[in-house]
Amino acid sequence: MPRTKLSKNAKRNRDAAKDETLSTRLREFDLEVDQFLSDLEFKRQERLDENKSLANLVRTLPQRIHDMKMGELMAMEEKTIDEVNVALEKKAAANRSMMNASLLSSSKKKSKGDEGYLTEDSGSGNMIATSAYTGFTRGMTPSARPVGPLSSAKAKSRNRRSRSACGYLNTIGSNSSTISSSTTSSRTTTDRMSRSRMRTPLNNRVKAASADRAAPVTPKVCPNTPLSMLRYPRIGETVISLTGSPIVAQCPSDTTATVNIPIKDGVISLRPTRLDAVHPDFIESIDAETWSQIKELQSNLNKLVKSVDGKI
Amino acid sequence: MDQEDMDLRDYCILESQRLETFKSWPFKADAPCCVSKMAEAGFYWCGNEHEIDTVACFVCGKSLDGWDANDDPWAEHKKHAPRCAFVNLGRAEKDLTVAEWLELVIQIKTYLINKQYDQMRKKVVKYCERKREELIKSIKG
Ligand SMILES: [Zn+2]
């Protein structure tokens with residue numbers, strides 16, 4: 001019995017048609033899946049890019065926020081990064097004005113009655129500087145003492161060139177040098193006595209003057225860097241303020257008898273070491289009033305020497 | 001199957017959040033392996049009543065159990081996940097700088113995005129394989 005060719009063909013045709021439908025449908029399906037998965041990958045990349053731009057945004061935050069400890073940040077009441085930044089800026093400004101205040105109070109030092117060592121004024125100036133410093137390092141907000149343009153200009157106009165006396169490190173103007181000078185002087189006068197290696201005033205003067213003629217010095221730090229970046233001056237070292245004035249970082253020790261004589265642009269510090277010659281600059285800067293005081297001082301010293309001589 | 005937006009607050013990025021997850025813990029507060037030390041060392045609790053000492057790290061995701069009272073959470077973290085960014089910083093949250101912490105958060109987010117999309121992709125692929133089989137059956141009859 002012959003089989004009908006037609007029906008077989010028809011079945012094959014039917015199968016072929018089915019296969020074709022299947023492969024077409026599968027191709028369509030696979031395409032759709034591929035499309036879905038690549039959409040998914042696209043969305044993943046979008047999210048990752050978003051995160052990357054968040055990371056870039058984080059990098060643009062102010063350095064002072066970057067460097068903060070999480071513990072400090074969480075202790076703050078502020079809710080947003082902007083608020084935190086504003087609060088930190090305020091705190092920094094308060095610290096700066098503290099420094100200005102200490103500069104001002106120490107530069108107000110009067111010449112009369114200065115018998116050496118620390119005067120009351122420069123002493124209290126140092127105390128303010130010290131408290132501002134500790135307040136800063138502890139992250140506390142010291143009470144702000146606003147300094148107007150007039151008073152800061154006054155502070156600047158009182159620029160004195162220190163020859164050797166302590167306390168006068170504070171007198172070089174400009175906000176930037178204030179930070180270093182106020183802290184350094186407060187430390188050197190109190191804590192660093194053991195290091196003291198005294199030099200004659202003349203030597204100091206020459207050293208300070210030679211700094212004037214030295215090649216330009218480029219500051220190694222940004223004036224607004226934190227206090228911790230600074231170091232204390234070494235005794236006898238020539239310090240140069242950011243405005244270029246040479247300063248000698250030397251303080252009278254409370255273990256030696258010293259006579260400090262304020263003159264119009266600084267102070268002459270007389271030390272108990274042999275003095276060979278007096279530089280003409282010193283003579284020029286002594287006015288009549290100072291001269292009479294020096295003579296009075298000399299007679300007092302003579303009296304003292306006479307009454308003590310031979311008893312010790 | 002759309003992406004849900006993830007809320008980082010659900011991922012214990014703060015020590016205080018990790019601390020809150022500890023619904024129960026086998027050791028007392030004076031043990032080296034106490035709840036506060038665990039949270040400090042980056043672990044949050046993901047246990048249940050049968051496995052009460054299962055925890056995971058909020059940064060590397062490493063899951064650990066079988067703790068002893070005298071285990072040092074930091075040391076164990078370092079031992080079992082030496083590449084974890086948090087354990088390599090090795091400091092409690094309060095002693096990290098803001099920059100360090102934010103860097104961690106961004107890393108966590110990258111990790112979570114990838115994890116989320118990996119899971120989604122797996123589900124999609126599995127679902128599509130099943131649908132494909134069904135399609136073949138329905139056409140072949
Ligand atoms: Zn980890």
# chains A, B, ... in the order shown; residues from 1 in each chain; ligands from 1
$ residues_around --residues "Ala99 in chain B" --least-positions-apart "4" --cutoff "8 Å" --atoms "only C-alpha atoms" --output "tab-separated table (two decimals) with N, CA and C atoms, in the first residue's frame"
chain	number	residue	atom	x	y	z
A	58	VAL	N	31.78	64.78	47.47
A	58	VAL	CA	32.39	64.65	48.80
A	58	VAL	C	33.79	65.25	48.79
A	65	ILE	N	36.15	70.12	57.08
A	65	ILE	CA	35.15	69.08	57.35
A	65	ILE	C	35.78	67.71	57.12
A	66	HIS	N	36.57	67.58	56.05
A	66	HIS	CA	37.27	66.32	55.78
A	66	HIS	C	38.08	65.85	56.98
A	67	ASP	N	38.77	66.79	57.60
A	67	ASP	CA	39.73	66.43	58.65
A	67	ASP	C	39.09	66.24	60.02
B	103	GLU	N	34.25	57.96	52.52
B	103	GLU	CA	34.85	57.04	51.55
B	103	GLU	C	34.27	55.63	51.74
$ residues_around --residues "Val87 in chain B" --least-positions-apart "3" --cutoff "7 Å" --atoms "only C-alpha atoms" --output "VMD selection string"
chain B and resid 77 to 78 84 90
$ interface_residues --of "chain B" --to "chain A" --cutoff "10 Å" --atoms "only C-alpha atoms" --output "ChimeraX atom specification"
/B:2-3,92-103,105-107,109-114,116-118,120-121,124-125,128-129,131-133,135-141
$ select_by_dssp --residues "range 55-139 of chain B" --states "helix (DSSP H, G or I)" --output "PyMOL selection string"
chain B and resi 73-80+85-89+93-95+98-139
$ residues_near_ligand --ligand "ligand 1" --cutoff "7 Å" --atoms "only C-alpha atoms and all ligand atoms" --output "PyMOL selection string"
chain B and resi 42+57-62+77+81+84-87
$ atom_distance --atom1 "CA of Glu46 in chain A" --atom2 "CA of Cys12 in chain B"
24.1 Å
$ select_by_dssp --residues "range 42-119 of chain B" --states "strand (DSSP E)" --output "list in words"
Phe43, Tyr44, Trp45, Val55, Ala56, Cys57, Ser63 and Leu64 of chain B
$ write_last_selection --atoms "C-alpha atoms" --output "PDB file, in the first residue's frame"
ATOM      1  CA  PHE B  43      29.193  44.101  63.014  1.00  0.00           C
ATOM      2  CA  TYR B  44      25.440  44.208  63.050  1.00  0.00           C
ATOM      3  CA  TRP B  45      23.231  41.382  64.226  1.00  0.00           C
ATOM      4  CA  VAL B  55      26.544  38.900  62.650  1.00  0.00           C
ATOM      5  CA  ALA B  56      27.722  40.593  59.451  1.00  0.00           C
ATOM      6  CA  CYS B  57      30.053  43.489  58.649  1.00  0.00           C
ATOM      7  CA  SER B  63      29.000  36.942  58.060  1.00  0.00           C
ATOM      8  CA  LEU B  64      30.376  35.241  61.178  1.00  0.00           C
TER       9      LEU B  64
END
$ decode --residues "range 278-294 of chain A" --atoms "all heavy atoms" --output "PDB file, in the first residue's frame"
ATOM      1  N   VAL A 278      78.767  99.437  72.269  1.00  0.00           N
ATOM      2  CA  VAL A 278      77.365  99.801  72.061  1.00  0.00           C
ATOM      3  C   VAL A 278      77.200 100.320  70.639  1.00  0.00           C
ATOM      4  O   VAL A 278      77.886 101.243  70.217  1.00  0.00           O
ATOM      5  CB  VAL A 278      76.913 100.864  73.089  1.00  0.00           C
ATOM      6  CG1 VAL A 278      75.473 101.278  72.831  1.00  0.00           C
ATOM      7  CG2 VAL A 278      77.065 100.331  74.499  1.00  0.00           C
ATOM      8  N   HIS A 279      76.326  99.691  69.913  1.00  0.00           N
ATOM      9  CA  HIS A 279      76.104 100.072  68.520  1.00  0.00           C
ATOM     10  C   HIS A 279      75.465 101.460  68.450  1.00  0.00           C
ATOM     11  O   HIS A 279      74.589 101.782  69.268  1.00  0.00           O
ATOM     12  CB  HIS A 279      75.191  99.037  67.864  1.00  0.00           C
ATOM     13  CG  HIS A 279      75.211  99.119  66.370  1.00  0.00           C
ATOM     14  ND1 HIS A 279      74.434 100.000  65.668  1.00  0.00           N
ATOM     15  CD2 HIS A 279      75.945  98.429  65.455  1.00  0.00           C
ATOM     16  CE1 HIS A 279      74.668  99.855  64.375  1.00  0.00           C
ATOM     17  NE2 HIS A 279      75.591  98.894  64.222  1.00  0.00           N
ATOM     18  N   PRO A 280      75.875 102.316  67.511  1.00  0.00           N
ATOM     19  CA  PRO A 280      75.312 103.674  67.420  1.00  0.00           C
ATOM     20  C   PRO A 280      73.786 103.698  67.315  1.00  0.00           C
ATOM     21  O   PRO A 280      73.144 104.631  67.801  1.00  0.00           O
ATOM     22  CB  PRO A 280      75.937 104.227  66.129  1.00  0.00           C
ATOM     23  CG  PRO A 280      77.116 103.376  65.835  1.00  0.00           C
ATOM     24  CD  PRO A 280      76.925 102.074  66.522  1.00  0.00           C
ATOM     25  N   ASP A 281      73.207 102.661  66.720  1.00  0.00           N
ATOM     26  CA  ASP A 281      71.743 102.592  66.602  1.00  0.00           C
ATOM     27  C   ASP A 281      71.049 102.700  67.949  1.00  0.00           C
ATOM     28  O   ASP A 281      69.986 103.318  68.073  1.00  0.00           O
ATOM     29  CB  ASP A 281      71.328 101.254  65.955  1.00  0.00           C
ATOM     30  CG  ASP A 281      71.385 101.347  64.439  1.00  0.00           C
ATOM     31  OD1 ASP A 281      71.892 102.385  63.955  1.00  0.00           O
ATOM     32  OD2 ASP A 281      70.944 100.408  63.765  1.00  0.00           O
ATOM     33  N   PHE A 282      71.693 102.068  68.952  1.00  0.00           N
ATOM     34  CA  PHE A 282      71.086 102.078  70.276  1.00  0.00           C
ATOM     35  C   PHE A 282      71.044 103.486  70.837  1.00  0.00           C
ATOM     36  O   PHE A 282      70.042 103.906  71.413  1.00  0.00           O
ATOM     37  CB  PHE A 282      71.872 101.164  71.231  1.00  0.00           C
ATOM     38  CG  PHE A 282      71.556  99.708  71.028  1.00  0.00           C
ATOM     39  CD1 PHE A 282      72.399  98.887  70.310  1.00  0.00           C
ATOM     40  CD2 PHE A 282      70.396  99.176  71.562  1.00  0.00           C
ATOM     41  CE1 PHE A 282      72.102  97.562  70.123  1.00  0.00           C
ATOM     42  CE2 PHE A 282      70.089  97.845  71.382  1.00  0.00           C
ATOM     43  CZ  PHE A 282      70.945  97.034  70.651  1.00  0.00           C
ATOM     44  N   ILE A 283      72.153 104.185  70.653  1.00  0.00           N
ATOM     45  CA  ILE A 283      72.237 105.542  71.197  1.00  0.00           C
ATOM     46  C   ILE A 283      71.200 106.448  70.528  1.00  0.00           C
ATOM     47  O   ILE A 283      70.508 107.211  71.185  1.00  0.00           O
ATOM     48  CB  ILE A 283      73.662 106.101  71.005  1.00  0.00           C
ATOM     49  CG1 ILE A 283      74.655 105.195  71.774  1.00  0.00           C
ATOM     50  CG2 ILE A 283      73.754 107.539  71.492  1.00  0.00           C
ATOM     51  CD1 ILE A 283      76.072 105.244  71.256  1.00  0.00           C
ATOM     52  N   GLU A 284      71.067 106.266  69.219  1.00  0.00           N
ATOM     53  CA  GLU A 284      70.103 107.074  68.462  1.00  0.00           C
ATOM     54  C   GLU A 284      68.678 106.896  68.962  1.00  0.00           C
ATOM     55  O   GLU A 284      67.897 107.833  68.998  1.00  0.00           O
ATOM     56  CB  GLU A 284      70.126 106.655  66.980  1.00  0.00           C
ATOM     57  CG  GLU A 284      71.040 107.508  66.123  1.00  0.00           C
ATOM     58  CD  GLU A 284      71.150 106.933  64.724  1.00  0.00           C
ATOM     59  OE1 GLU A 284      70.121 106.460  64.192  1.00  0.00           O
ATOM     60  OE2 GLU A 284      72.278 106.934  64.182  1.00  0.00           O
ATOM     61  N   SER A 285      68.361 105.658  69.332  1.00  0.00           N
ATOM     62  CA  SER A 285      66.959 105.386  69.651  1.00  0.00           C
ATOM     63  C   SER A 285      66.589 105.704  71.100  1.00  0.00           C
ATOM     64  O   SER A 285      65.449 105.508  71.495  1.00  0.00           O
ATOM     65  CB  SER A 285      66.631 103.930  69.316  1.00  0.00           C
ATOM     66  OG  SER A 285      67.629 103.097  69.854  1.00  0.00           O
ATOM     67  N   ILE A 286      67.543 106.205  71.877  1.00  0.00           N
ATOM     68  CA  ILE A 286      67.221 106.549  73.268  1.00  0.00           C
ATOM     69  C   ILE A 286      66.833 108.028  73.353  1.00  0.00           C
ATOM     70  O   ILE A 286      67.620 108.910  73.026  1.00  0.00           O
ATOM     71  CB  ILE A 286      68.434 106.257  74.190  1.00  0.00           C
ATOM     72  CG1 ILE A 286      68.700 104.741  74.206  1.00  0.00           C
ATOM     73  CG2 ILE A 286      68.168 106.765  75.612  1.00  0.00           C
ATOM     74  CD1 ILE A 286      70.032 104.355  74.818  1.00  0.00           C
ATOM     75  N   ASP A 287      65.618 108.282  73.773  1.00  0.00           N
ATOM     76  CA  ASP A 287      65.187 109.685  73.887  1.00  0.00           C
ATOM     77  C   ASP A 287      65.487 110.221  75.296  1.00  0.00           C
ATOM     78  O   ASP A 287      65.967 109.483  76.169  1.00  0.00           O
ATOM     79  CB  ASP A 287      63.696 109.836  73.536  1.00  0.00           C
ATOM     80  CG  ASP A 287      62.809 108.973  74.403  1.00  0.00           C
ATOM     81  OD1 ASP A 287      63.216 108.655  75.539  1.00  0.00           O
ATOM     82  OD2 ASP A 287      61.705 108.599  73.949  1.00  0.00           O
ATOM     83  N   ALA A 288      65.176 111.490  75.516  1.00  0.00           N
ATOM     84  CA  ALA A 288      65.548 112.152  76.776  1.00  0.00           C
ATOM     85  C   ALA A 288      64.906 111.487  77.990  1.00  0.00           C
ATOM     86  O   ALA A 288      65.552 111.271  79.012  1.00  0.00           O
ATOM     87  CB  ALA A 288      65.149 113.630  76.705  1.00  0.00           C
ATOM     88  N   GLU A 289      63.650 111.155  77.845  1.00  0.00           N
ATOM     89  CA  GLU A 289      62.941 110.562  78.974  1.00  0.00           C
ATOM     90  C   GLU A 289      63.553 109.210  79.339  1.00  0.00           C
ATOM     91  O   GLU A 289      63.825 108.920  80.512  1.00  0.00           O
ATOM     92  CB  GLU A 289      61.454 110.402  78.628  1.00  0.00           C
ATOM     93  CG  GLU A 289      60.590 110.177  79.860  1.00  0.00           C
ATOM     94  CD  GLU A 289      59.184 109.734  79.511  1.00  0.00           C
ATOM     95  OE1 GLU A 289      58.773 109.865  78.342  1.00  0.00           O
ATOM     96  OE2 GLU A 289      58.499 109.241  80.420  1.00  0.00           O
ATOM     97  N   THR A 290      63.781 108.401  78.303  1.00  0.00           N
ATOM     98  CA  THR A 290      64.392 107.092  78.526  1.00  0.00           C
ATOM     99  C   THR A 290      65.766 107.253  79.166  1.00  0.00           C
ATOM    100  O   THR A 290      66.146 106.522  80.086  1.00  0.00           O
ATOM    101  CB  THR A 290      64.520 106.323  77.199  1.00  0.00           C
ATOM    102  OG1 THR A 290      63.258 106.326  76.533  1.00  0.00           O
ATOM    103  CG2 THR A 290      64.959 104.884  77.422  1.00  0.00           C
ATOM    104  N   TRP A 291      66.484 108.270  78.670  1.00  0.00           N
ATOM    105  CA  TRP A 291      67.838 108.496  79.184  1.00  0.00           C
ATOM    106  C   TRP A 291      67.828 108.801  80.679  1.00  0.00           C
ATOM    107  O   TRP A 291      68.616 108.266  81.452  1.00  0.00           O
ATOM    108  CB  TRP A 291      68.508 109.628  78.384  1.00  0.00           C
ATOM    109  CG  TRP A 291      69.908 109.932  78.809  1.00  0.00           C
ATOM    110  CD1 TRP A 291      70.390 111.154  79.174  1.00  0.00           C
ATOM    111  CD2 TRP A 291      70.996 109.014  78.926  1.00  0.00           C
ATOM    112  NE1 TRP A 291      71.712 111.070  79.507  1.00  0.00           N
ATOM    113  CE2 TRP A 291      72.112 109.754  79.372  1.00  0.00           C
ATOM    114  CE3 TRP A 291      71.138 107.641  78.695  1.00  0.00           C
ATOM    115  CZ2 TRP A 291      73.358 109.178  79.594  1.00  0.00           C
ATOM    116  CZ3 TRP A 291      72.375 107.064  78.920  1.00  0.00           C
ATOM    117  CH2 TRP A 291      73.466 107.826  79.379  1.00  0.00           C
ATOM    118  N   SER A 292      66.890 109.654  81.104  1.00  0.00           N
ATOM    119  CA  SER A 292      66.811 109.972  82.531  1.00  0.00           C
ATOM    120  C   SER A 292      66.423 108.738  83.337  1.00  0.00           C
ATOM    121  O   SER A 292      66.887 108.531  84.459  1.00  0.00           O
ATOM    122  CB  SER A 292      65.831 111.129  82.776  1.00  0.00           C
ATOM    123  OG  SER A 292      64.507 110.688  82.635  1.00  0.00           O
ATOM    124  N   GLN A 293      65.578 107.906  82.733  1.00  0.00           N
ATOM    125  CA  GLN A 293      65.196 106.665  83.423  1.00  0.00           C
ATOM    126  C   GLN A 293      66.378 105.711  83.546  1.00  0.00           C
ATOM    127  O   GLN A 293      66.552 105.052  84.577  1.00  0.00           O
ATOM    128  CB  GLN A 293      64.039 105.975  82.681  1.00  0.00           C
ATOM    129  CG  GLN A 293      62.706 106.692  82.869  1.00  0.00           C
ATOM    130  CD  GLN A 293      61.618 106.132  81.959  1.00  0.00           C
ATOM    131  OE1 GLN A 293      61.885 105.311  81.094  1.00  0.00           O
ATOM    132  NE2 GLN A 293      60.403 106.620  82.152  1.00  0.00           N
ATOM    133  N   ILE A 294      67.182 105.666  82.482  1.00  0.00           N
ATOM    134  CA  ILE A 294      68.354 104.783  82.531  1.00  0.00           C
ATOM    135  C   ILE A 294      69.296 105.234  83.644  1.00  0.00           C
ATOM    136  O   ILE A 294      69.835 104.420  84.404  1.00  0.00           O
ATOM    137  CB  ILE A 294      69.093 104.767  81.167  1.00  0.00           C
ATOM    138  CG1 ILE A 294      68.237 104.049  80.104  1.00  0.00           C
ATOM    139  CG2 ILE A 294      70.466 104.086  81.271  1.00  0.00           C
ATOM    140  CD1 ILE A 294      68.785 104.148  78.698  1.00  0.00           C
TER     141      ILE A 294
END
